[in-house]
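Below is one structure, written out as structure tokens, with a few remarks after it.
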Amino acid sequence: MTKHIFVTGGVVSSLGKGLTSASIGLLLERRGMTVRMQKLDPYINVDPGTMSPYQHGEVYVLDDGSETDLDLGHYERFTNSPLSRESNYTTGQIYLRVIEKERRGEYLGRTVQVVPHVTDEIKQSILNLGGPDVDVVITELGGTVGDIEGLPFLEAIRQIPLDIGKDNCLFIHLTLVPYLKAAREAKTKPTQHSVGQLRQIGIQPDILIVRTERPIDRDQTDKIALFCNVEKQAVIVEVDKEFSIYEVPIGLAEDKLDQLIINKLSLPAGPLDLDDWQELMRKIRIPEHEVTIAVVGKYIEHRDAYKSIYESLDHAGFSKSTRVLIKRVEAEELEQQGPEMLLSGVDGILVPGGFGMRGIEGKIQAVEFARSCEIPYFGICLGMQCAVIEFARNVLGLKEANSSEFASDTDDPVICLLEEQKDVTDKGGTMRLGAQPCALTPDSRAAACYGSEEVSERHRHRYEFNPEYQQAFTDAGMIASGIHPQRRLVEVIEIPDHPWFVAVQYHPEFKSKPDAAHPLFCGFIQAAQERHHQRMQATV
């Protein structure tokens, strides 16, 4: 029978449950297990697709078009677990299913209640991931113990051991042990209270992982074990990592968390092999080169809004033995101060995706600065659309060129709404979403990066390059080097007569891993390296 691991959190949010869950998945895979990953989110939105990046961080898109929680990005970067819309459920999705069943009369006149109807739906969404070819399902619960909206999920996972047997389930609780500088000591009481709340619900954690800024001594972990009714060896201390989040699996392995899980669940496992991960850490700690990349965005102050972008830049740096220093530039600030003030001295400029008019002119100025100063440029989604608008205005001479998203009455809509989007009224789940094919022009820079002329990438957008202008762009020096083979939509544009100017309509950051960096990000960092070297030579 498939074993189930449930990861809960307490004390405060943002402790890193997603990273911890992904790291556990990696360790079990490296011991021969087949793992499936899942995130349960307590918010009532059906999915995060309609939520502001300020509220939720980035929306992570899967191949099947699901708009999911950003923690699924950690799952894909750390593990080989196939992810689908069954990998992320929200309260909204669960209640929507229950209500639809009630409307169809599937409850046969019974009063529909949280217990058992909502909890049964949650349990089914968890158990569906199991099967004869799956050794372990790891389910992470969003939020913290004590959140009122999370209670149905906690009740559901409390019931699952009763349904499939306690020996087939494991509860891991992640908490915080804060260090008080005034008292010069770490405090275990918040962890005790958090576990106490969990036990009141009926869940006794089997393993505690405590996050700390500083190492804590054995006396304190023994105290936690005693008051939380957990075995001493089952209290794992996870100290903040100095260099990279990719150190987390190694730290957990050093504390023998993988062996503890295997013993408690009686899993047949082979030896742990982390040699390649250790080599990755060596590259991270001792880079041979350094580049500075400006990311010009409209949600810069929220680090998680561009989480996969930042990780993908790091991955490309790992592959090139390069430390990537990221200069975060707010697009509206660039509008006020100008690109010379904020972008001079960088080795590359990246403009990521986004929605709405705010900051657009700043992004367009960043594109012009990169093009005219021959700085490597990488545009993603809206970053491609801004590149098209800038080129139309300043090279084609179409001074009022714009996207119909920002100026519906523009005479030159070089970016326009997809035909199938014109009658769409609902906002959620209605964009062009998920994996789409792309045919690359032979000998193009994009094809050289990929080493292939056929690729598949994930999309999340409503607006496209207007094909009526394609020939004019080609004649002026900006080519469409990637095209959807059936729909003839422009997916990639580049300027061959430039050190490195590539922009894509899709989101390559969703398919990058620390040990398998995305080829376009690798090409971008390689070009930034060359510019950095040229700049250093010019100063000698």
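Lettering and numbering for the structure tokens are positional, with chains as A, B, ... in the shown order, residues counted from 1 in each chain, and ligands counted from 1 in the shown order.
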Exercise. Within 12 Å of Ala446 (chain A), counting only C-alpha atoms, which residues qualify if same-chain residues fewer than 6 places away don't, as a PyMOL selection string?
Worked result: chain A and resi 378+438-440+452-455+479-483+491-496+500-504+508+518-524
For this session: List the neighbours of Lys39 (chain A) out to 7 Å using only C-alpha atoms; skip same-chain residues closer than 4 positions along the sequence, and give me the result as a ChimeraX atom specification.
Result: /A:87-89,139-141
Would you save the residues from that selection as a short mmCIF file (atom, residue, chain, number, x, y, z; two decimals), in the first residue's frame, using N, CA, C and O atoms?
data_model
loop_
_atom_site.label_atom_id
_atom_site.label_comp_id
_atom_site.auth_asym_id
_atom_site.auth_seq_id
_atom_site.Cartn_x
_atom_site.Cartn_y
_atom_site.Cartn_z
N SER A 87 -2.33 17.76 -7.94
CA SER A 87 -1.23 18.02 -7.01
C SER A 87 -1.46 19.27 -6.16
O SER A 87 -0.66 19.56 -5.28
N ASN A 88 -2.52 20.02 -6.43
CA ASN A 88 -2.79 21.24 -5.67
C ASN A 88 -4.30 21.44 -5.53
O ASN A 88 -5.00 21.62 -6.52
N TYR A 89 -4.79 21.35 -4.29
CA TYR A 89 -6.20 21.57 -4.02
C TYR A 89 -6.35 22.73 -3.05
O TYR A 89 -5.54 22.89 -2.14
N THR A 139 2.08 15.05 1.33
CA THR A 139 1.05 16.08 1.26
C THR A 139 1.39 17.19 2.24
O THR A 139 1.49 16.95 3.45
N GLU A 140 1.57 18.38 1.70
CA GLU A 140 1.86 19.56 2.53
C GLU A 140 0.58 20.35 2.75
O GLU A 140 -0.16 20.62 1.79
N LEU A 141 0.32 20.74 4.01
CA LEU A 141 -0.83 21.57 4.32
C LEU A 141 -0.39 23.01 4.46
O LEU A 141 0.49 23.33 5.25
#
Problem set entry | Contacts of Ser66 (chain A) at 12 Å (only C-alpha atoms; same-chain gap of 6+ positions) as a ChimeraX atom specification | /A:46-49,59-60,72,83-89,428-435,458-460
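Residues within 12 Å of Ile148 (chain A), counting only C-alpha atoms and excluding same-chain residues fewer than 6 positions away, are Pro42, Tyr43, Thr91, Leu154 and Glu155 of chain A.
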Exercise. DSSP says helix (DSSP H, G or I) for which residues of region 25-119 of chain A? Put them as a ChimeraX atom specification?
Worked result: /A:25-29,48-50,53-56,71-78,85-87,91-103,114-119
For this session: Considering only C-alpha atoms, state which residue in the set A:Gln159, A:Thr322, A:Asn168, A:Gln38 is at the smallest distance from Thr119 (chain A).
Result: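 Smallest separation from Thr119 (chain A) among the options: A:Gln159.
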Problem set entry | For Leu280 (chain A): contacts at 8 Å, only C-alpha atoms, fewer than 3 positions along chain excluded, given as a ChimeraX atom specification | /A:276-277,283-284,318,514-515
Problem set entry | Straight-line distance linking CA of Pro352 (chain A) with CA of His289 (chain A), stated in Å to one decimal |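 Interatomic distance, CA of Pro352 (chain A) to CA of His289 (chain A): 24.2 Å.
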For this session: Tell me, as a ChimeraX atom specification, which residues lie within 7 Å of region 411-421 of chain A, counting only C-alpha atoms; anything in the same chain fewer than 3 positions away does not count.
Result: /A:385,389,400-404,424,462-466,469
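Using only C-alpha atoms, the residues found no farther than 9 Å from Arg371 (chain A), other than those of its own chain fewer than 4 positions away, are Ala366, Val367, Ile375, Pro376, Tyr377, Phe391, Ile495, His498 and Phe501 of chain A.
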Selected residues written out with N, CA, C and O atoms, as an mmCIF file, in the first residue's frame:
data_model
loop_
_atom_site.group_PDB
_atom_site.id
_atom_site.type_symbol
_atom_site.label_atom_id
_atom_site.label_comp_id
_atom_site.auth_asym_id
_atom_site.auth_seq_id
_atom_site.Cartn_x
_atom_site.Cartn_y
_atom_site.Cartn_z
ATOM 1 N N ALA A 366 13.683 50.114 -20.294
ATOM 2 C CA ALA A 366 14.733 49.130 -20.018
ATOM 3 C C ALA A 366 15.084 48.350 -21.276
ATOM 4 O O ALA A 366 16.259 48.077 -21.545
ATOM 5 N N VAL A 367 14.071 47.994 -22.063
ATOM 6 C CA VAL A 367 14.307 47.281 -23.323
ATOM 7 C C VAL A 367 15.124 48.152 -24.277
ATOM 8 O O VAL A 367 16.100 47.690 -24.884
ATOM 9 N N ILE A 375 23.390 45.502 -24.506
ATOM 10 C CA ILE A 375 23.445 44.721 -23.274
ATOM 11 C C ILE A 375 22.586 43.471 -23.479
ATOM 12 O O ILE A 375 21.470 43.578 -23.999
ATOM 13 N N PRO A 376 23.058 42.281 -23.120
ATOM 14 C CA PRO A 376 22.233 41.079 -23.266
ATOM 15 C C PRO A 376 20.856 41.278 -22.644
ATOM 16 O O PRO A 376 20.741 41.736 -21.505
ATOM 17 N N TYR A 377 19.832 40.909 -23.413
ATOM 18 C CA TYR A 377 18.455 41.114 -22.972
ATOM 19 C C TYR A 377 17.676 39.817 -23.068
ATOM 20 O O TYR A 377 17.770 39.081 -24.054
ATOM 21 N N PHE A 391 10.481 48.169 -30.084
ATOM 22 C CA PHE A 391 11.051 48.087 -31.430
ATOM 23 C C PHE A 391 10.139 48.793 -32.430
ATOM 24 O O PHE A 391 10.606 49.508 -33.334
ATOM 25 N N ILE A 495 16.858 39.536 -32.033
ATOM 26 C CA ILE A 495 17.557 40.456 -32.936
ATOM 27 C C ILE A 495 18.917 39.851 -33.229
ATOM 28 O O ILE A 495 19.808 39.855 -32.370
ATOM 29 N N HIS A 498 22.738 41.678 -32.632
ATOM 30 C CA HIS A 498 22.837 42.146 -31.240
ATOM 31 C C HIS A 498 23.588 41.064 -30.477
ATOM 32 O O HIS A 498 23.463 39.880 -30.792
ATOM 33 N N PHE A 501 19.850 39.147 -27.747
ATOM 34 C CA PHE A 501 18.545 39.769 -27.544
ATOM 35 C C PHE A 501 17.491 38.737 -27.900
ATOM 36 O O PHE A 501 17.207 38.489 -29.078
#
Exercise. For Leu62 (chain A), which residue out of A:Pro82, A:Met281, A:Asp147, A:Arg487 is the nearest one, using only C-alpha atoms?
Worked result: A:Pro82
Exercise. Pick the closest to His461 (chain A) from A:Val230, A:Cys381, A:Ile326, A:Ile300: which is it, counting only C-alpha atoms?
Worked result: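 Closest to His461 (chain A), using only C-alpha atoms: A:Cys381.
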For this session: as number ranges by chain, please: all residues of region 225-473 of chain A that backbone DSSP puts in strand (DSSP E).
Result: A: 235-239, 289-297, 322-330, 348-351, 377-380, 402-403, 413-417, 432-440, 454-461, 463-465
Exercise. Between CA of Met357 (chain A) and CA of Glu330 (chain A), what is the spacing in Å?
Worked result: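 That distance, rounded to one decimal, is 13.9 Å.
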For this session: Find the residue from A:Ile245, A:Ala234, A:Val291, A:Ile207 that sits nearest to His74 (chain A); use only C-alpha atoms when measuring.
Result: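 Distance minimum relative to His74 (chain A) lands on A:Ile245.
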